[in-house]
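Chemist: Attaching a single structure in structure tokens format; questions to follow.
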Amino acid sequence: MLSITATNFGVNPSDIQIKEYHEQNLLVLEGDISVDTTAAEYASIRPMKLTVADLPFAKSRIGTALVNAASEGVNYCTLAKVWIADKNTICIGKIIPYKSLGSYTIHLNTMLIPVNNAGQVALNSMKTYVPQFNKGTGDAVEVYTVETPHWMMFVLKASNLVFDSDDQTVEIQLPGFPSDISINPPIIYNENLWSNLGSKRYPATLRNGILTISKDGAADEPANVGTKFTRMIVVRDNN
């Protein structure tokens, strides 16, 4: 776990549980942070900061975290910038349009690398999984991962999802998927070219190789919504 000693945005650091894996030139973070936009501390700072134990490098390139929120019964998702400012500080960009919502959740599924770092690039191999539908259906569904003993990148793409008429879910079995992976990936889609609140999302869970996507009260999609997708970075428990 990442050892967090302080925050500057009104959240008790002991309430934040962030998994971490690091090498000399890589830091992988995974975990949720609930942000209260009504807190006095939140209003007066920019960016949000986590004060942590010594990091493997003192300054990083900018990475990203997913940010989830809800407004008037609609689930939204956008990105926040994440970067290492010094050996003991991780910065997270505030989501200005979400201030009026009262709260939002930052999901760190983040990879950070140092600035001014040069070296030979070593690519990891992609592994594909053949989806099997237990409930609902989908078209052009593609699932693949990049897997190491210490972390995983999980990707799903689908041109269309049809939810089960009884419980409004799509349940997808992924034979051979690692049993140690347990995540809640937002399935992201866009109805407009631009929205102040970001993209829309379906909540989902991935447990024991079964991905369950919930419609969660969302309206029926209009035609030509485009690809639904997710990309999640996971720190493996056995790292």
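Here, A, B, ... name the chains of the structure tokens in the order displayed, residue numbers run from 1 inside each chain, and ligands are numbered from 1 in the same displayed order.
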With DSSP run on the backbone, what are the strand (DSSP E) residues within region 1-236 of chain A? I'd like them as a PDB file with C-alpha atoms, in the first residue's frame.

Modeler:
```
ATOM      1  CA  ILE A   4      -0.051   8.557   2.726  1.00  0.00           C
ATOM      2  CA  THR A   5       0.698  10.983   5.566  1.00  0.00           C
ATOM      3  CA  ALA A   6      -1.392  14.028   4.574  1.00  0.00           C
ATOM      4  CA  THR A   7      -3.770  15.525   2.014  1.00  0.00           C
ATOM      5  CA  LYS A  19      -2.172  -0.174  -3.924  1.00  0.00           C
ATOM      6  CA  GLU A  20       1.214   0.542  -5.421  1.00  0.00           C
ATOM      7  CA  TYR A  21       3.935  -1.214  -7.343  1.00  0.00           C
ATOM      8  CA  HIS A  22       7.177   0.482  -8.246  1.00  0.00           C
ATOM      9  CA  GLU A  23      10.434  -0.043 -10.027  1.00  0.00           C
ATOM     10  CA  LEU A  26       7.854   3.076 -12.985  1.00  0.00           C
ATOM     11  CA  LEU A  27       5.143   3.712 -10.390  1.00  0.00           C
ATOM     12  CA  VAL A  28       1.749   1.972 -10.696  1.00  0.00           C
ATOM     13  CA  LEU A  29      -1.143   3.135  -8.481  1.00  0.00           C
ATOM     14  CA  GLU A  30      -4.623   1.673  -7.994  1.00  0.00           C
ATOM     15  CA  GLY A  31      -7.343   2.771  -5.577  1.00  0.00           C
ATOM     16  CA  ASP A  32     -10.262   5.118  -4.923  1.00  0.00           C
ATOM     17  CA  ILE A  33     -10.380   8.568  -3.339  1.00  0.00           C
ATOM     18  CA  SER A  34     -13.748  10.120  -2.446  1.00  0.00           C
ATOM     19  CA  VAL A  35     -13.683  13.906  -2.831  1.00  0.00           C
ATOM     20  CA  ASP A  36     -16.074  16.221  -0.965  1.00  0.00           C
ATOM     21  CA  MET A  48      -5.059  18.292  -4.875  1.00  0.00           C
ATOM     22  CA  LYS A  49      -1.979  16.814  -3.212  1.00  0.00           C
ATOM     23  CA  LEU A  50      -1.110  13.542  -1.504  1.00  0.00           C
ATOM     24  CA  THR A  51       1.918  13.689   0.800  1.00  0.00           C
ATOM     25  CA  VAL A  52       3.505  10.245   0.751  1.00  0.00           C
ATOM     26  CA  GLY A  63      -0.453  10.476 -16.172  1.00  0.00           C
ATOM     27  CA  THR A  64      -4.200  10.150 -15.717  1.00  0.00           C
ATOM     28  CA  ALA A  65      -6.840   8.856 -13.332  1.00  0.00           C
ATOM     29  CA  LEU A  66     -10.486   8.074 -14.046  1.00  0.00           C
ATOM     30  CA  VAL A  67     -13.034  10.232 -12.242  1.00  0.00           C
ATOM     31  CA  ASN A  68     -16.617   9.055 -11.664  1.00  0.00           C
ATOM     32  CA  ALA A  69     -19.612  11.207 -10.717  1.00  0.00           C
ATOM     33  CA  ALA A  70     -23.390  11.249 -11.007  1.00  0.00           C
ATOM     34  CA  SER A  71     -25.690  14.137 -11.913  1.00  0.00           C
ATOM     35  CA  VAL A  74     -26.854   9.992 -14.999  1.00  0.00           C
ATOM     36  CA  ASN A  75     -23.429   8.382 -14.491  1.00  0.00           C
ATOM     37  CA  TYR A  76     -20.468  10.329 -15.861  1.00  0.00           C
ATOM     38  CA  CYS A  77     -16.741   9.685 -16.261  1.00  0.00           C
ATOM     39  CA  THR A  78     -13.815  11.931 -17.105  1.00  0.00           C
ATOM     40  CA  LEU A  79     -10.039  12.109 -16.651  1.00  0.00           C
ATOM     41  CA  ALA A  80      -7.872  13.896 -14.088  1.00  0.00           C
ATOM     42  CA  LYS A  81      -4.196  14.679 -14.540  1.00  0.00           C
ATOM     43  CA  VAL A  82      -1.827  12.945 -12.109  1.00  0.00           C
ATOM     44  CA  TRP A  83       1.859  13.662 -11.625  1.00  0.00           C
ATOM     45  CA  ILE A  84       4.731  13.443  -9.164  1.00  0.00           C
ATOM     46  CA  ALA A  85       5.825  16.952  -8.163  1.00  0.00           C
ATOM     47  CA  ASP A  86       8.652  15.918  -5.829  1.00  0.00           C
ATOM     48  CA  THR A  89       4.153  14.666  -3.394  1.00  0.00           C
ATOM     49  CA  ILE A  90       1.627  13.270  -5.853  1.00  0.00           C
ATOM     50  CA  CYS A  91      -0.603  15.908  -7.476  1.00  0.00           C
ATOM     51  CA  ILE A  92      -4.101  15.324  -8.875  1.00  0.00           C
ATOM     52  CA  SER A 103     -18.739  14.870  -4.513  1.00  0.00           C
ATOM     53  CA  TYR A 104     -16.908  12.671  -6.980  1.00  0.00           C
ATOM     54  CA  THR A 105     -14.602   9.665  -6.909  1.00  0.00           C
ATOM     55  CA  ILE A 106     -11.064   9.575  -8.255  1.00  0.00           C
ATOM     56  CA  HIS A 107     -10.010   6.104  -9.331  1.00  0.00           C
ATOM     57  CA  LEU A 108      -6.242   5.948  -9.542  1.00  0.00           C
ATOM     58  CA  ASN A 109      -5.468   3.328 -12.150  1.00  0.00           C
ATOM     59  CA  THR A 110      -2.343   5.177 -13.036  1.00  0.00           C
ATOM     60  CA  MET A 111       1.132   4.551 -14.412  1.00  0.00           C
ATOM     61  CA  LEU A 112       3.801   7.199 -13.879  1.00  0.00           C
ATOM     62  CA  MET A 126      -1.017  -8.630 -25.507  1.00  0.00           C
ATOM     63  CA  LYS A 127      -3.265 -11.517 -24.450  1.00  0.00           C
ATOM     64  CA  THR A 128      -6.791 -11.855 -25.860  1.00  0.00           C
ATOM     65  CA  TYR A 129      -9.858 -13.458 -24.249  1.00  0.00           C
ATOM     66  CA  GLN A 132     -19.004 -15.770 -23.675  1.00  0.00           C
ATOM     67  CA  PHE A 133     -22.360 -14.151 -22.876  1.00  0.00           C
ATOM     68  CA  ASN A 134     -24.274 -15.472 -19.864  1.00  0.00           C
ATOM     69  CA  LYS A 135     -26.806 -12.615 -20.001  1.00  0.00           C
ATOM     70  CA  THR A 137     -25.570  -9.828 -25.915  1.00  0.00           C
ATOM     71  CA  GLY A 138     -23.089  -7.577 -27.671  1.00  0.00           C
ATOM     72  CA  ASP A 139     -21.489  -6.937 -31.037  1.00  0.00           C
ATOM     73  CA  GLU A 142     -13.061  -7.384 -27.867  1.00  0.00           C
ATOM     74  CA  VAL A 143     -11.257  -8.134 -24.588  1.00  0.00           C
ATOM     75  CA  TYR A 144      -7.508  -8.115 -24.140  1.00  0.00           C
ATOM     76  CA  THR A 145      -4.898  -7.572 -21.442  1.00  0.00           C
ATOM     77  CA  VAL A 146      -1.253  -6.815 -20.981  1.00  0.00           C
ATOM     78  CA  GLU A 147      -0.171  -8.928 -18.010  1.00  0.00           C
ATOM     79  CA  TRP A 151       0.335  -5.333 -12.746  1.00  0.00           C
ATOM     80  CA  MET A 152      -2.202  -5.713 -15.534  1.00  0.00           C
ATOM     81  CA  MET A 153      -3.837  -3.491 -18.137  1.00  0.00           C
ATOM     82  CA  PHE A 154      -7.422  -4.594 -18.915  1.00  0.00           C
ATOM     83  CA  VAL A 155      -9.169  -3.375 -22.084  1.00  0.00           C
ATOM     84  CA  LEU A 156     -12.693  -3.954 -23.376  1.00  0.00           C
ATOM     85  CA  LYS A 157     -14.259  -2.602 -26.571  1.00  0.00           C
ATOM     86  CA  ALA A 158     -17.776  -3.194 -27.908  1.00  0.00           C
ATOM     87  CA  ASN A 160     -23.025  -2.480 -29.128  1.00  0.00           C
ATOM     88  CA  LEU A 161     -24.407  -3.893 -25.864  1.00  0.00           C
ATOM     89  CA  VAL A 162     -27.909  -5.326 -25.457  1.00  0.00           C
ATOM     90  CA  THR A 169     -27.315  -6.409 -17.128  1.00  0.00           C
ATOM     91  CA  VAL A 170     -24.826  -7.863 -19.565  1.00  0.00           C
ATOM     92  CA  GLU A 171     -22.837 -10.733 -18.040  1.00  0.00           C
ATOM     93  CA  ILE A 172     -19.710 -11.851 -19.895  1.00  0.00           C
ATOM     94  CA  GLN A 173     -17.640 -14.888 -18.961  1.00  0.00           C
ATOM     95  CA  ILE A 187     -17.804   1.102 -19.410  1.00  0.00           C
ATOM     96  CA  ILE A 188     -17.516   4.463 -21.148  1.00  0.00           C
ATOM     97  CA  TYR A 189     -19.517   5.785 -24.092  1.00  0.00           C
ATOM     98  CA  SER A 199     -18.490  10.834 -21.058  1.00  0.00           C
ATOM     99  CA  LYS A 200     -21.344   8.668 -19.834  1.00  0.00           C
ATOM    100  CA  ARG A 201     -20.663   5.284 -18.256  1.00  0.00           C
ATOM    101  CA  TYR A 202     -22.212   1.989 -17.279  1.00  0.00           C
ATOM    102  CA  ALA A 204     -19.456  -2.783 -14.025  1.00  0.00           C
ATOM    103  CA  THR A 205     -17.715  -5.381 -11.884  1.00  0.00           C
ATOM    104  CA  LEU A 206     -15.097  -7.956 -12.853  1.00  0.00           C
ATOM    105  CA  ARG A 207     -14.838 -10.830 -10.378  1.00  0.00           C
ATOM    106  CA  ILE A 210     -17.019 -12.668 -14.957  1.00  0.00           C
ATOM    107  CA  LEU A 211     -17.649  -9.117 -16.175  1.00  0.00           C
ATOM    108  CA  THR A 212     -21.095  -7.800 -15.196  1.00  0.00           C
ATOM    109  CA  ILE A 213     -22.207  -4.525 -16.797  1.00  0.00           C
ATOM    110  CA  SER A 214     -25.274  -2.770 -15.398  1.00  0.00           C
ATOM    111  CA  LYS A 228     -18.067   1.454 -25.642  1.00  0.00           C
ATOM    112  CA  PHE A 229     -14.746   0.884 -23.946  1.00  0.00           C
ATOM    113  CA  THR A 230     -12.728   0.705 -20.777  1.00  0.00           C
ATOM    114  CA  ARG A 231      -9.034   0.590 -20.002  1.00  0.00           C
ATOM    115  CA  MET A 232      -7.985  -0.190 -16.450  1.00  0.00           C
ATOM    116  CA  ILE A 233      -4.586  -0.496 -14.790  1.00  0.00           C
ATOM    117  CA  VAL A 234      -4.561  -3.020 -11.931  1.00  0.00           C
ATOM    118  CA  VAL A 235      -1.937  -3.643  -9.250  1.00  0.00           C
TER     119      VAL A 235
END
```

Chemist: Which one is closest to Pro185 (chain A): A:Ser14, A:Pro203, A:Leu2, A:Asn25? Count only C-alpha atoms.

Modeler: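 Closest residue, counting only C-alpha atoms: A:Pro203.
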
Chemist: Have a look at CA of Phe57 (chain A) and CA of Lys94 (chain A) and let me know their distance in Å, one decimal.

Modeler: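 Separation of CA of Phe57 (chain A) and CA of Lys94 (chain A): 23.3 Å.
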
Chemist: Between CA of Ala218 (chain A) and CA of Asp166 (chain A), measure the distance and give it in Å to one decimal.

Modeler: 14.9 Å
